[in-house]
Each structure stands twice: as structure tokens, then as C-alpha cells.
Amino acid sequence: MKTKLIDWPTFIGSFVLLLGVTLPLIFFPETGKAWVGAANEYMTSNFGMLYLAMGLGAFGFLIFIAFSKNGHIKLGREDEEPEFSTFSWAAMLFAAGIGSSILYWSVIEWVYYYEGPPFGLTPESPEAIQWSTAYGMFHWGPIAWAIYTLPALPIAYFFYVRKKSVLKVSEAVRPVIGKWADGPLGKLIDILFIFGLLGGAGTTLALGTPMIAEGVNELTGIPVTLGMQAVIMLICTVIFAISSYIGLKGGIKVLSDLNIWLALGILTFVLIFGPTRFIMETTFNGVGIVMDNFFRMATWMEPFGDFGGFTSTGFPESWTVFYWAWWLVYAPFVGLFVARISRGRTIRNMIFGTMVYGTLGCILFFGILGNYGLYLHLSGTFDVVGYMAANGPAPTIIAIIGQLPFGKVVIGVFTLLAIIFLATTFDSSSYILASVTQKHVEDEPIVWNRLFWAFALAIMPLTLMFLGGLETLQTASIVGGFPLILIMFLLAWSFVRVSSRDIRASDDYESSTIHIKYRKRKKSPFDALKEKPHD
Ligand code: NM2
């Protein structure tokens, strides 16, 4: 067993932190839940605004960079073409960054907004209906994708322009923290990223599993119990552990392609066999609502609480803050991945590509699947709200899908898609986690290290599942990811500092695509990622 390559402080630190949070929750579930609840309450009521400011800040920063000189910098040699076609680039980006949660939330997120609308509106009112078609797209829209893209800037820059082997967040902030990147501060940054990703992935797995379980129950009749869900979770873990083990070349490439085609297939099917005109019009209308209210939604905080005739609803904390926190904990991982696949593109191209294609993909899911459910409810075909109140979200999702023609077949494909979406995200997560806990990566991260993180990814969600309650899950990712707000700031600063310095020193200063010459890189961990043509 090769152990010399392991970066032990980071490896042990992350694992101890994971156990330190998980074990007390297992042994003292009630107290644990109360503590997590209190931590959440403290964070969101005091620091909710920081999350919203971070989201808007990331969005503004990227737009600014895209139009600045720094945006013209090419990631790679002057004459280099983009390594991947734009279609496969966008497909890979989506497969890695988006997991099974999109199937969960796109189908039923509207119900929550319809029942508990924003801005103090009356539940189930016509206004609530309008907003319920728009808010989901906002929470999976340009700001969310900006949060994903920001870490990719310094990481891609260091790799393709400075030609340094960087697979750690601590390396990407070296220009601002200097030598501390090698000391405890650097380790702490990497550990926090790992812990945050484990928390975010926990939320993903704990939401996805009950939905997959309901699908399996619908098809086979096996009753949904906690034990059965634990088995499903373990089976999913084994699937992505195997693909991580294979080394990603064969298995994951095939899975990812299948992922995109199945997803497009289901969306097209629902659009055609569902209420086509209703879906197209509500989606179009919803996009308009978001554009019209973009900054209002991005800054809405309920500042008056219960003063002055206002009644606080907790909407911003439960939704926008929660979502930005969830995207944030995934961001450094997606950043590493986006950086890897963006060779030959300019910074600007990378920024607009993620923000535009990512947002469009999410609009398709929310527009088609969400508005299909809304139609069933409003037209009286299927009482979604009543069914959800009686049975909870996961069975409702499957019941909505089951209303389509060939319901059982569609449920089967939908369940399979959920498993694949999960696998393509978790596989790359465990791969990146393994890379980050090594000093350097020779060819690929060590096999046992990859397997270790694949299973570690399932510990937290298993605990959370037995704890129960959506709120505890939301909390875990918010609390775990909090310090990343500061790290985002460091990442942005670090990028501007280094790239601006290089631009000033470059003879290419005036040209439209800036090419910065830098010494050749030695063998690097990203070479290993090349083995992985597709997420
Ligand atoms: N995000 C996109 O579960 C998943 O789909 C992974 C979740 C951050 C809300 C990412």
C-alpha cells in the first residue's frame, strides 16, 4: 500500500472532523439535532445576508472579469483549440455539477413556493402560482452557476497559464496567503473544503435515496423502510465506488453520455406527452419573472421581521440562503473539474459557458418537470398538494411522474436516471477528494484512497437519514460550508492579483486574446485527470 504519497495532515484532519460531527449525531440523536438546529438558527439569522452578498458578489465579479483584460486570457497555448467540443464540455460540466437533486427539486419545488410564497403573499393565490414557476429557476440560475465558476478561475489559471500542478484549494490561494499555504492555514483550508463537500454530498444522497426507493417500490412492491433505503444507499455507493475504482475511463464516460441522453429523452417525452403549450408558456413566463426581479430576489432578506406590519416567513433563510450554501460547498470541487475541462478556452468563454449552459440546463428541468406537476394540480387532474401533505415529497415525485402515459416505464427510466446522476457526481467527488488528500498524484490517485473517500461520502448521509428531517440536512451543509465564504473571497483576490501582474508583464498586452508565456510544467496531477475523458 503506497502511503508516502498521502498528505496525512489533510487526510486525517478531514476524517477526524467528519467523525467528530457524525458520531455524536449517531449516539445522541436528539441532542445532536437540537445542537445542529441551534447552530443553524445562529448562522442563518446572523449571517444569512453574507451568503446572499457572496452570491451576488460572485456574479458581479465574474461579469466584470469576463469583460476585463483578464477575461481575454487564454487557458493554454496561443494556437490551441478548445480540448472538448462545446457540447461535450457543457454535458460534462452538467453531469459533474448536478446530481440527482435536480430530479427531486425540479418536480416539486414549486409546491413549497405555492404553499409558502415569498414576499408575504397569500398561499395558493394567483401571485403565489406565478412566483412558484419562477423561484426554482432563480435558485438554479446564473448566481448559482457563478458560485460554481469562481473557484475555477484561479485553479485553471495556475494550471494552464502558470503551469503549476494545483489540485488543492490551498494552492489556488497561495498568492494571497503566501507561505502559509504550506502550513496549518493551508491544511485548514483544504480540510474545510473537504468537510463542506462531504456535507453537501450528504444532502444530495439523503434527498436522492428516498426518491430512488419510492421508484423501486413502485416497480417492485418492496416496501420502503429505513433499512431498504440504507441498502439502496449502499448499492449506489458501491456503483460509484466501482466506477471510481475502474479509473473512470470506461465506466464513467459511458455513464455520463447515458446520463445526458436519458435526461434529454425524459424531458422531451414530458414536453410532448404533457401539456406542451402550458409548459412552454409557463417556462417562458417564469424566465421573464426572474429577469424582471433578479436583483430583488438576489437581495431579499425580510429585514423587518415582525415589525411594521410585516410577518416573517423564514423564506430567505430556508431557500435562498440554504441554496447558496449548498452550491458553495460543491463549488471548489466543480471548480477543479471545470478548470480541467476548459483547456484552450479563454477565461471569458469559460465564465459565460458555465453560466449560460448551466442555467439553460436547469431551466429545462424546472420548466418542463415542474410545470408539468403544476398543470396536474391546477387542472384538477391530480391533487399534488393534497398528496404531498399526506405522503411527503419523495412519493409525490414518483406519483407525478407516474401520471404520464406509460407511467411505469417512465418511473423506471426516471429512477435509473436518478441513480446515474448520482453516480456521475459522486464518482468525480471521490476522485477529487482522493487527489486533494495526496501530496501529488502520479498517474491517478491511489486506488485505496479513492475507495476510502467513496465510502466516506456515504457515512454522513447515512447518519442524516437516520436522524431524519430536511432541516437537519440543510443545516449540515450550511454549517459545514460557512468558512468557504471567506475562501471564495481569497480565490477571487488571488486570481486578480496574479493574472493582472502577468498581464502587465506580458508583451501581448494589447491583443484581444491574451496569451501569457510561462515556463513549462512538470508532471502534474491534472495529467491523471486526462485519463478521465468524461465525468
Ligand atoms: N446543487 C446543484 O445533488 C446535486 O444535484 C448536487 C446540488 C448544489 C444544488 C449539487
# chains A, B, ... in the order shown; residues from 1 in each chain; ligands from 1
call {"tool": "closest_atom_pairs", "arguments": {"of": "chain A", "to": "ligand 1", "cutoff": "7 Å", "atoms": "only C-alpha atoms and all ligand atoms", "output": "JSON lines"}}
result
{"residue": "A:Gly97", "atom": "CA", "partner": "ligand 1", "partner_atom_place_in_ligand_line": "10 (C)", "distance": 5.8}
{"residue": "A:Ile98", "atom": "CA", "partner": "ligand 1", "partner_atom_place_in_ligand_line": "5 (O)", "distance": 4.0}
{"residue": "A:Gly99", "atom": "CA", "partner": "ligand 1", "partner_atom_place_in_ligand_line": "5 (O)", "distance": 3.0}
{"residue": "A:Ser100", "atom": "CA", "partner": "ligand 1", "partner_atom_place_in_ligand_line": "5 (O)", "distance": 4.8}
{"residue": "A:Ser101", "atom": "CA", "partner": "ligand 1", "partner_atom_place_in_ligand_line": "5 (O)", "distance": 3.9}
{"residue": "A:Ile102", "atom": "CA", "partner": "ligand 1", "partner_atom_place_in_ligand_line": "5 (O)", "distance": 5.3}
{"residue": "A:Ala201", "atom": "CA", "partner": "ligand 1", "partner_atom_place_in_ligand_line": "3 (O)", "distance": 6.7}
{"residue": "A:Thr204", "atom": "CA", "partner": "ligand 1", "partner_atom_place_in_ligand_line": "3 (O)", "distance": 4.0}
{"residue": "A:Tyr323", "atom": "CA", "partner": "ligand 1", "partner_atom_place_in_ligand_line": "9 (C)", "distance": 6.3}
{"residue": "A:Trp326", "atom": "CA", "partner": "ligand 1", "partner_atom_place_in_ligand_line": "8 (C)", "distance": 4.9}
{"residue": "A:Trp327", "atom": "CA", "partner": "ligand 1", "partner_atom_place_in_ligand_line": "8 (C)", "distance": 3.7}
{"residue": "A:Tyr330", "atom": "CA", "partner": "ligand 1", "partner_atom_place_in_ligand_line": "8 (C)", "distance": 6.0}
{"residue": "A:Thr425", "atom": "CA", "partner": "ligand 1", "partner_atom_place_in_ligand_line": "6 (C)", "distance": 6.9}
call {"tool": "write_last_selection", "arguments": {"atoms": "N, CA and C atoms", "output": "tab-separated table (two decimals), in the first residue's frame"}}
result
chain	number	residue	atom	x	y	z
A	97	GLY	N	-21.56	18.67	-12.02
A	97	GLY	CA	-22.05	19.66	-11.06
A	97	GLY	C	-23.45	19.42	-10.57
A	98	ILE	N	-24.23	18.70	-11.35
A	98	ILE	CA	-25.63	18.49	-10.99
A	98	ILE	C	-25.83	17.01	-10.71
A	99	GLY	N	-26.45	16.73	-9.58
A	99	GLY	CA	-26.71	15.34	-9.23
A	99	GLY	C	-28.20	15.06	-9.25
A	100	SER	N	-28.57	14.02	-8.53
A	100	SER	CA	-29.97	13.61	-8.57
A	100	SER	C	-30.91	14.65	-7.97
A	101	SER	N	-30.36	15.61	-7.24
A	101	SER	CA	-31.23	16.62	-6.62
A	101	SER	C	-32.06	17.38	-7.64
A	102	ILE	N	-31.55	17.50	-8.86
A	102	ILE	CA	-32.33	18.28	-9.82
A	102	ILE	C	-33.63	17.55	-10.16
A	201	ALA	N	-22.64	16.72	-0.20
A	201	ALA	CA	-22.91	15.43	-0.82
A	201	ALA	C	-23.88	14.64	0.05
A	204	THR	N	-27.28	15.66	-0.82
A	204	THR	CA	-27.64	15.06	-2.11
A	204	THR	C	-28.09	13.61	-1.93
A	323	TYR	N	-29.76	27.45	-0.43
A	323	TYR	CA	-29.27	27.07	-1.75
A	323	TYR	C	-27.86	27.59	-2.02
A	326	TRP	N	-25.46	25.52	-0.31
A	326	TRP	CA	-25.32	24.19	-0.89
A	326	TRP	C	-24.45	24.24	-2.15
A	327	TRP	N	-24.70	25.25	-3.00
A	327	TRP	CA	-23.86	25.40	-4.19
A	327	TRP	C	-22.43	25.68	-3.77
A	330	TYR	N	-20.19	22.71	-2.92
A	330	TYR	CA	-19.77	21.95	-4.10
A	330	TYR	C	-18.78	22.73	-4.97
A	425	THR	N	-21.85	12.34	-10.26
A	425	THR	CA	-21.39	13.40	-9.36
A	425	THR	C	-20.50	12.83	-8.26
call {"tool": "residues_around", "arguments": {"residues": "Ile232 (chain A)", "least_positions_apart": "5", "cutoff": "10 Å", "atoms": "only C-alpha atoms", "output": "list in words"}}
result
Thr209, Pro210, Ile212, Ala213, Val216, Leu226, Gly227, Thr237, Val238 and Ile419 of chain A
call {"tool": "write_last_selection", "arguments": {"atoms": "all heavy atoms", "output": "short mmCIF file (atom, residue, chain, number, x, y, z; two decimals), in the first residue's frame"}}
result
data_model
loop_
_atom_site.label_atom_id
_atom_site.label_comp_id
_atom_site.auth_asym_id
_atom_site.auth_seq_id
_atom_site.Cartn_x
_atom_site.Cartn_y
_atom_site.Cartn_z
N THR A 209 -31.90 9.29 -2.11
CA THR A 209 -32.21 7.91 -1.75
C THR A 209 -33.71 7.63 -1.56
O THR A 209 -34.21 6.67 -2.14
CB THR A 209 -31.41 7.49 -0.50
OG1 THR A 209 -30.06 7.84 -0.71
CG2 THR A 209 -31.53 6.02 -0.24
N PRO A 210 -34.42 8.44 -0.77
CA PRO A 210 -35.85 8.15 -0.61
C PRO A 210 -36.60 8.18 -1.94
O PRO A 210 -37.53 7.40 -2.16
CB PRO A 210 -36.35 9.27 0.29
CG PRO A 210 -35.16 9.85 0.93
CD PRO A 210 -34.02 9.62 0.01
N ILE A 212 -35.32 7.45 -4.98
CA ILE A 212 -35.00 6.22 -5.70
C ILE A 212 -35.76 5.05 -5.06
O ILE A 212 -36.33 4.20 -5.75
CB ILE A 212 -33.48 5.97 -5.67
CG1 ILE A 212 -32.77 7.08 -6.45
CG2 ILE A 212 -33.13 4.59 -6.26
CD1 ILE A 212 -31.26 7.08 -6.31
N ALA A 213 -35.82 5.06 -3.72
CA ALA A 213 -36.53 3.99 -3.00
C ALA A 213 -38.01 3.94 -3.39
O ALA A 213 -38.56 2.86 -3.61
CB ALA A 213 -36.40 4.20 -1.50
N VAL A 216 -38.28 2.37 -6.79
CA VAL A 216 -38.08 0.93 -6.71
C VAL A 216 -39.35 0.28 -6.13
O VAL A 216 -39.83 -0.75 -6.62
CB VAL A 216 -36.86 0.60 -5.82
CG1 VAL A 216 -36.76 -0.90 -5.56
CG2 VAL A 216 -35.59 1.09 -6.49
N LEU A 226 -36.60 2.18 6.43
CA LEU A 226 -35.29 2.80 6.62
C LEU A 226 -34.18 1.85 6.18
O LEU A 226 -33.21 2.24 5.53
CB LEU A 226 -35.12 3.17 8.11
CG LEU A 226 -34.45 4.50 8.39
CD1 LEU A 226 -35.06 5.62 7.58
CD2 LEU A 226 -34.51 4.81 9.89
N GLY A 227 -34.37 0.56 6.52
CA GLY A 227 -33.38 -0.44 6.16
C GLY A 227 -33.25 -0.57 4.65
O GLY A 227 -32.15 -0.65 4.10
N THR A 237 -23.59 3.53 -3.48
CA THR A 237 -22.19 3.77 -3.10
C THR A 237 -21.28 2.77 -3.81
O THR A 237 -20.23 3.14 -4.34
CB THR A 237 -22.00 3.65 -1.58
OG1 THR A 237 -23.00 4.44 -0.95
CG2 THR A 237 -20.63 4.12 -1.15
N VAL A 238 -21.72 1.53 -3.83
CA VAL A 238 -20.90 0.51 -4.49
C VAL A 238 -20.77 0.84 -5.98
O VAL A 238 -19.67 0.74 -6.55
CB VAL A 238 -21.50 -0.90 -4.27
CG1 VAL A 238 -20.82 -1.92 -5.17
CG2 VAL A 238 -21.37 -1.30 -2.81
N ILE A 419 -30.20 7.43 -10.34
CA ILE A 419 -29.02 6.69 -9.90
C ILE A 419 -27.79 7.13 -10.68
O ILE A 419 -26.72 7.36 -10.12
CB ILE A 419 -29.25 5.17 -10.06
CG1 ILE A 419 -30.38 4.72 -9.12
CG2 ILE A 419 -27.98 4.38 -9.77
CD1 ILE A 419 -30.82 3.28 -9.28
#
call {"tool": "atom_distance", "arguments": {"atom1": "CA of Ser379 (chain A)", "atom2": "CA of Gln130 (chain A)"}}
result
15.3 Å
call {"tool": "residues_around", "arguments": {"residues": "Ile363 (chain A)", "least_positions_apart": "2", "cutoff": "12 Å", "atoms": "only C-alpha atoms", "output": "number ranges by chain"}}
result
A: 102, 106, 133-142, 267, 279-280, 282-288, 290, 355-361, 365-371
call {"tool": "atom_distance", "arguments": {"atom1": "CA of Ile143 (chain A)", "atom2": "CA of Phe59 (chain A)"}}
result
5.5 Å
call {"tool": "closest_atom_pairs", "arguments": {"of": "region 105-205 of chain A", "to": "region 3-15 of chain A", "cutoff": "12 Å", "atoms": "only C-alpha atoms", "output": "Markdown table"}}
result
| residue | atom | partner | partner_atom | distance |
| --- | --- | --- | --- | --- |
| A:Lys168 | CA | A:Thr10 | CA | 10.5 |
| A:Val169 | CA | A:Thr10 | CA | 11.9 |
| A:Ser170 | CA | A:Thr10 | CA | 11.0 |
| A:Asp182 | CA | A:Pro9 | CA | 11.2 |
| A:Gly183 | CA | A:Pro9 | CA | 10.2 |
| A:Pro184 | CA | A:Pro9 | CA | 9.0 |
| A:Leu185 | CA | A:Thr10 | CA | 11.0 |
| A:Gly186 | CA | A:Thr10 | CA | 9.3 |
| A:Lys187 | CA | A:Thr10 | CA | 5.7 |
| A:Leu188 | CA | A:Thr10 | CA | 7.8 |
| A:Ile189 | CA | A:Thr10 | CA | 9.4 |
| A:Asp190 | CA | A:Thr10 | CA | 6.8 |
| A:Ile191 | CA | A:Ser14 | CA | 5.1 |
| A:Leu192 | CA | A:Ser14 | CA | 7.6 |
| A:Phe193 | CA | A:Ser14 | CA | 9.1 |
| A:Ile194 | CA | A:Ser14 | CA | 6.5 |
| A:Phe195 | CA | A:Ser14 | CA | 6.2 |
| A:Gly196 | CA | A:Ser14 | CA | 9.9 |
| A:Leu197 | CA | A:Ser14 | CA | 10.8 |
| A:Leu198 | CA | A:Ser14 | CA | 9.6 |
| A:Gly199 | CA | A:Ser14 | CA | 11.7 |
call {"tool": "select_by_dssp", "arguments": {"residues": "region 101-171 of chain A", "states": "helix (DSSP H, G or I)", "output": "PyMOL selection string"}}
result
chain A and resi 101-115+126-132+135-139+142-149+152-161+169-171
call {"tool": "closest_residue", "arguments": {"among": "A:Phe87, A:Arg348, A:Thr299, A:Ile147", "to": "Leu484 (chain A)", "atoms": "only C-alpha atoms"}}
result
A:Ile147
